[in-house]
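Chemist: Let me give you the structure first, and then I'll get to my questions.
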Amino acid sequence: MAFAYNEPMTTVLPASALGLLPDIDRNPVAEQVGDDLWVVAGTHALILTSATAVIDSAMWYEAATAQWEAETRQLSVTWVDPQRPDWMLTTVSEDPHVLMRTISDHVNHSIVIHKALKVSNGTQVAAWIRRAEDGKLFSVLIALGPLDEASQKEADAFERDLRESVGLD
């Protein structure tokens, strides 16, 4: 006798929320995160929507990490841009593994290289080579603190070397 394992269905969005999504995302992986709030793992973006409006969205290459804590059902999404507020949401589901696997797949696909460096003034800088939805590569450089002229040059050289390592520039 053979046993088949079927993935549990993710949350079904209300028709009004589906109508807010791009046509390509009319059958999305989604999880409810409030009375009238859903996180949608779209084809090109992570979307936070209510039944009547898209609240926020970000292209996959804008996401740095996504984590889910089972005990609290807390879903947290951090962004490459340190100025952008993190998403801190509580899932209705006690097992949003399909959503989390989908998010992980999309974010990981967008990351080609990620490296960090502490420059001479002690500031941590991070550089990514990311892949846009059209497959084109681009770089992102962030500094988690101030940069003086010398450390800015170090950060720029760090990004330039990373870009050259993948054939950019």
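Labels used: A, B, ... for chains in the order of the structure tokens, numbers from 1 for residues in each chain, and numbers from 1 for ligands as shown.
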Please list as a ChimeraX atom specification every residue within 12 Å of stretch 64-67 of chain A, counting only C-alpha atoms and excluding residues in the same chain fewer than 2 positions away.

Modeler: /A:39,41,46,58-62,69-70,72-82,84,86-91,96-97,99-111,114,126-128,130,140,142

Chemist: Store the residues picked out above, limited to C-alpha atoms, as an mmCIF file, in the first residue's frame.

Modeler:
data_model
loop_
_atom_site.group_PDB
_atom_site.id
_atom_site.type_symbol
_atom_site.label_atom_id
_atom_site.label_comp_id
_atom_site.auth_asym_id
_atom_site.auth_seq_id
_atom_site.Cartn_x
_atom_site.Cartn_y
_atom_site.Cartn_z
ATOM 1 C CA VAL A 39 0.845 37.904 3.659
ATOM 2 C CA ALA A 41 4.127 35.216 -1.555
ATOM 3 C CA LEU A 46 6.027 39.749 -0.964
ATOM 4 C CA ALA A 58 8.424 44.507 -1.649
ATOM 5 C CA MET A 59 10.226 42.848 -4.492
ATOM 6 C CA TRP A 60 11.972 39.629 -3.438
ATOM 7 C CA TYR A 61 15.385 41.227 -3.789
ATOM 8 C CA GLU A 62 14.418 43.807 -1.136
ATOM 9 C CA GLU A 69 8.771 31.496 15.516
ATOM 10 C CA ALA A 70 6.450 28.556 16.225
ATOM 11 C CA THR A 72 4.581 32.825 19.280
ATOM 12 C CA ARG A 73 3.549 32.315 15.617
ATOM 13 C CA GLN A 74 5.578 35.505 14.962
ATOM 14 C CA LEU A 75 6.543 36.112 11.328
ATOM 15 C CA SER A 76 9.319 38.671 10.980
ATOM 16 C CA VAL A 77 10.670 40.016 7.715
ATOM 17 C CA THR A 78 13.759 42.200 7.651
ATOM 18 C CA TRP A 79 14.774 44.263 4.673
ATOM 19 C CA VAL A 80 18.037 45.005 2.921
ATOM 20 C CA ASP A 81 17.349 48.692 3.542
ATOM 21 C CA PRO A 82 18.020 49.158 7.263
ATOM 22 C CA ARG A 84 12.702 50.192 6.255
ATOM 23 C CA ASP A 86 10.568 45.232 9.691
ATOM 24 C CA TRP A 87 7.319 43.352 9.338
ATOM 25 C CA MET A 88 6.356 41.776 12.668
ATOM 26 C CA LEU A 89 3.177 39.766 12.128
ATOM 27 C CA THR A 90 1.418 36.926 13.926
ATOM 28 C CA THR A 91 0.114 34.106 11.774
ATOM 29 C CA PRO A 96 2.781 28.199 7.751
ATOM 30 C CA HIS A 97 5.591 26.034 6.346
ATOM 31 C CA LEU A 99 4.516 30.128 2.970
ATOM 32 C CA MET A 100 7.907 30.077 4.698
ATOM 33 C CA ARG A 101 9.380 27.646 2.162
ATOM 34 C CA THR A 102 8.051 29.797 -0.684
ATOM 35 C CA ILE A 103 9.485 32.980 0.838
ATOM 36 C CA SER A 104 12.830 31.255 1.422
ATOM 37 C CA ASP A 105 12.951 29.972 -2.155
ATOM 38 C CA HIS A 106 12.247 33.420 -3.617
ATOM 39 C CA VAL A 107 14.671 35.305 -1.357
ATOM 40 C CA ASN A 108 17.428 32.723 -1.834
ATOM 41 C CA HIS A 109 16.950 32.831 -5.605
ATOM 42 C CA SER A 110 17.441 36.604 -5.553
ATOM 43 C CA ILE A 111 20.731 36.400 -3.603
ATOM 44 C CA HIS A 114 26.328 38.360 0.248
ATOM 45 C CA ALA A 126 27.390 44.579 3.784
ATOM 46 C CA ALA A 127 27.216 44.073 0.064
ATOM 47 C CA TRP A 128 24.921 41.903 -1.978
ATOM 48 C CA ARG A 130 21.029 40.388 -6.095
ATOM 49 C CA VAL A 140 23.495 46.749 -2.963
ATOM 50 C CA ILE A 142 24.712 49.236 3.131
#

Chemist: Determine, counting only C-alpha atoms, which protein, DNA and RNA residues have an atom within 12 Å of an atom of stretch 156-169 of chain A; residues of the same chain fewer than 4 positions away are not included. Present the result as a compact mmCIF listing (two decimals) with N, CA and C atoms, in the first residue's frame.

Modeler:
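Resulting contents of part_28.txt:
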# COMPACT_ATOMS: atom_id res chain seq x y z
N VAL A 112 22.68 36.31 -5.02
CA VAL A 112 23.77 35.66 -5.72
C VAL A 112 24.97 35.56 -4.78
N ILE A 113 25.33 36.68 -4.14
CA ILE A 113 26.43 36.73 -3.18
C ILE A 113 26.06 37.73 -2.09
N HIS A 114 26.46 37.42 -0.87
CA HIS A 114 26.33 38.36 0.25
C HIS A 114 27.60 38.27 1.07
N LYS A 115 28.24 39.41 1.27
CA LYS A 115 29.45 39.46 2.09
C LYS A 115 29.39 40.69 2.99
N ALA A 116 30.09 40.60 4.12
CA ALA A 116 30.16 41.71 5.06
C ALA A 116 31.61 41.99 5.38
N LEU A 117 31.87 43.22 5.80
CA LEU A 117 33.22 43.67 6.10
C LEU A 117 33.14 44.77 7.14
N LYS A 118 34.09 44.77 8.08
CA LYS A 118 34.21 45.88 9.02
C LYS A 118 35.30 46.79 8.46
N VAL A 119 34.94 48.04 8.17
CA VAL A 119 35.90 48.99 7.61
C VAL A 119 36.73 49.62 8.72
N GLN A 124 30.32 48.34 10.24
CA GLN A 124 30.05 47.12 9.48
C GLN A 124 29.36 47.52 8.17
N VAL A 125 29.87 47.02 7.05
CA VAL A 125 29.21 47.22 5.76
C VAL A 125 28.87 45.85 5.19
N ALA A 126 27.82 45.81 4.43
CA ALA A 126 27.39 44.58 3.78
C ALA A 126 27.12 44.88 2.32
N ALA A 127 27.47 43.93 1.50
CA ALA A 127 27.22 44.07 0.06
C ALA A 127 26.56 42.81 -0.45
N TRP A 128 25.62 43.00 -1.34
CA TRP A 128 24.92 41.90 -1.98
C TRP A 128 25.03 42.06 -3.48
N ILE A 129 25.09 40.95 -4.16
CA ILE A 129 24.75 40.90 -5.58
C ILE A 129 23.40 40.21 -5.57
N ARG A 130 22.40 40.91 -6.09
CA ARG A 130 21.03 40.39 -6.09
C ARG A 130 20.56 40.22 -7.53
N ARG A 131 19.54 39.41 -7.69
CA ARG A 131 18.94 39.13 -8.99
C ARG A 131 17.54 39.73 -9.00
N LYS A 136 18.33 40.16 -14.22
CA LYS A 136 19.51 41.03 -14.24
C LYS A 136 20.10 41.15 -12.84
N LEU A 137 21.43 41.21 -12.80
CA LEU A 137 22.13 41.33 -11.52
C LEU A 137 22.41 42.79 -11.21
N PHE A 138 22.41 43.11 -9.92
CA PHE A 138 22.75 44.44 -9.45
C PHE A 138 23.35 44.31 -8.06
N SER A 139 23.99 45.38 -7.60
CA SER A 139 24.60 45.33 -6.27
C SER A 139 23.90 46.28 -5.32
N VAL A 140 24.03 45.93 -4.05
CA VAL A 140 23.50 46.75 -2.96
C VAL A 140 24.59 46.84 -1.91
N LEU A 141 24.83 48.04 -1.42
CA LEU A 141 25.82 48.25 -0.36
C LEU A 141 25.13 49.02 0.75
N ILE A 142 25.26 48.51 1.98
CA ILE A 142 24.71 49.24 3.13
C ILE A 142 25.80 49.37 4.19
N ALA A 143 25.70 50.43 4.95
CA ALA A 143 26.59 50.65 6.08
C ALA A 143 25.74 50.72 7.34
N LEU A 147 30.23 56.45 8.00
CA LEU A 147 31.44 56.23 7.21
C LEU A 147 32.15 57.56 7.02
N GLU A 149 35.52 59.56 5.18
CA GLU A 149 35.99 59.52 3.79
C GLU A 149 36.80 58.25 3.49
N ALA A 150 37.71 57.89 4.40
CA ALA A 150 38.55 56.70 4.18
C ALA A 150 37.72 55.42 4.19
N SER A 151 36.80 55.30 5.14
CA SER A 151 35.99 54.08 5.21
C SER A 151 34.98 54.01 4.08
N GLN A 152 34.52 55.17 3.57
CA GLN A 152 33.64 55.18 2.40
C GLN A 152 34.38 54.62 1.19

Chemist: Quick one: DSSP strand (DSSP E or B) residues in chain A, as a PyMOL selection string?

Modeler: chain A and resi 29-34+37-41+45-49+54-59+63-69+74-79+87-90+111-118+124-131+137-143

Chemist: In Å to one decimal, how far is atom CA of A:Gly34 from atom CA of A:Thr49?

Modeler: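 Straight-line distance from atom CA of A:Thr49 to atom CA of A:Gly34 works out to 10.3 Å.
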
Chemist: In terms of the shortest atom-to-atom distance over only C-alpha atoms, which of A:Asp25, A:Glu94, A:Glu71, A:Glu154 is closest to A:Thr43?

Modeler: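 With only C-alpha atoms as the atom set, the closest residue is A:Asp25.
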
Chemist: Quick check for you: according to DSSP on this backbone, which residues of stretch 100-148 of chain A are classed as alpha helix (DSSP H)? Reply as a list in words.

Modeler: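 Across stretch 100-148 of chain A, those assigned alpha helix (DSSP H) are Met100, Arg101, Thr102, Ile103, Ser104, Asp105, His106, Val107, Asn108, His109 and Ser110 of chain A.
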
Chemist: Considering only C-alpha atoms, state which residue in the set A:Ile24, A:Val98, A:Val92, A:Leu144 is at the smallest distance from A:Trp38.

Modeler: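 Among A:Ile24, A:Val98, A:Val92, A:Leu144, it is A:Val92 that comes nearest to A:Trp38.
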
Chemist: Choose the residue, out of A:Asp35, A:Asp56, A:Asp148, A:Asp134, that has the smallest atom-to-atom separation from A:Leu20; count only C-alpha atoms.

Modeler: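 That would be A:Asp56, the residue with the smallest distance to A:Leu20.
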
Chemist: From the list A:Trp68, A:Pro28, A:Leu37, A:Pro22, which residue is nearest A:Asp95 when using only C-alpha atoms?

Modeler: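 Checking each candidate against A:Asp95, we get A:Trp68 as the closest.
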
Chemist: For atom CA of A:Gly135 and atom CA of A:Ala17, quote the distance in Å rounded to one decimal.

Modeler: 28.2 Å
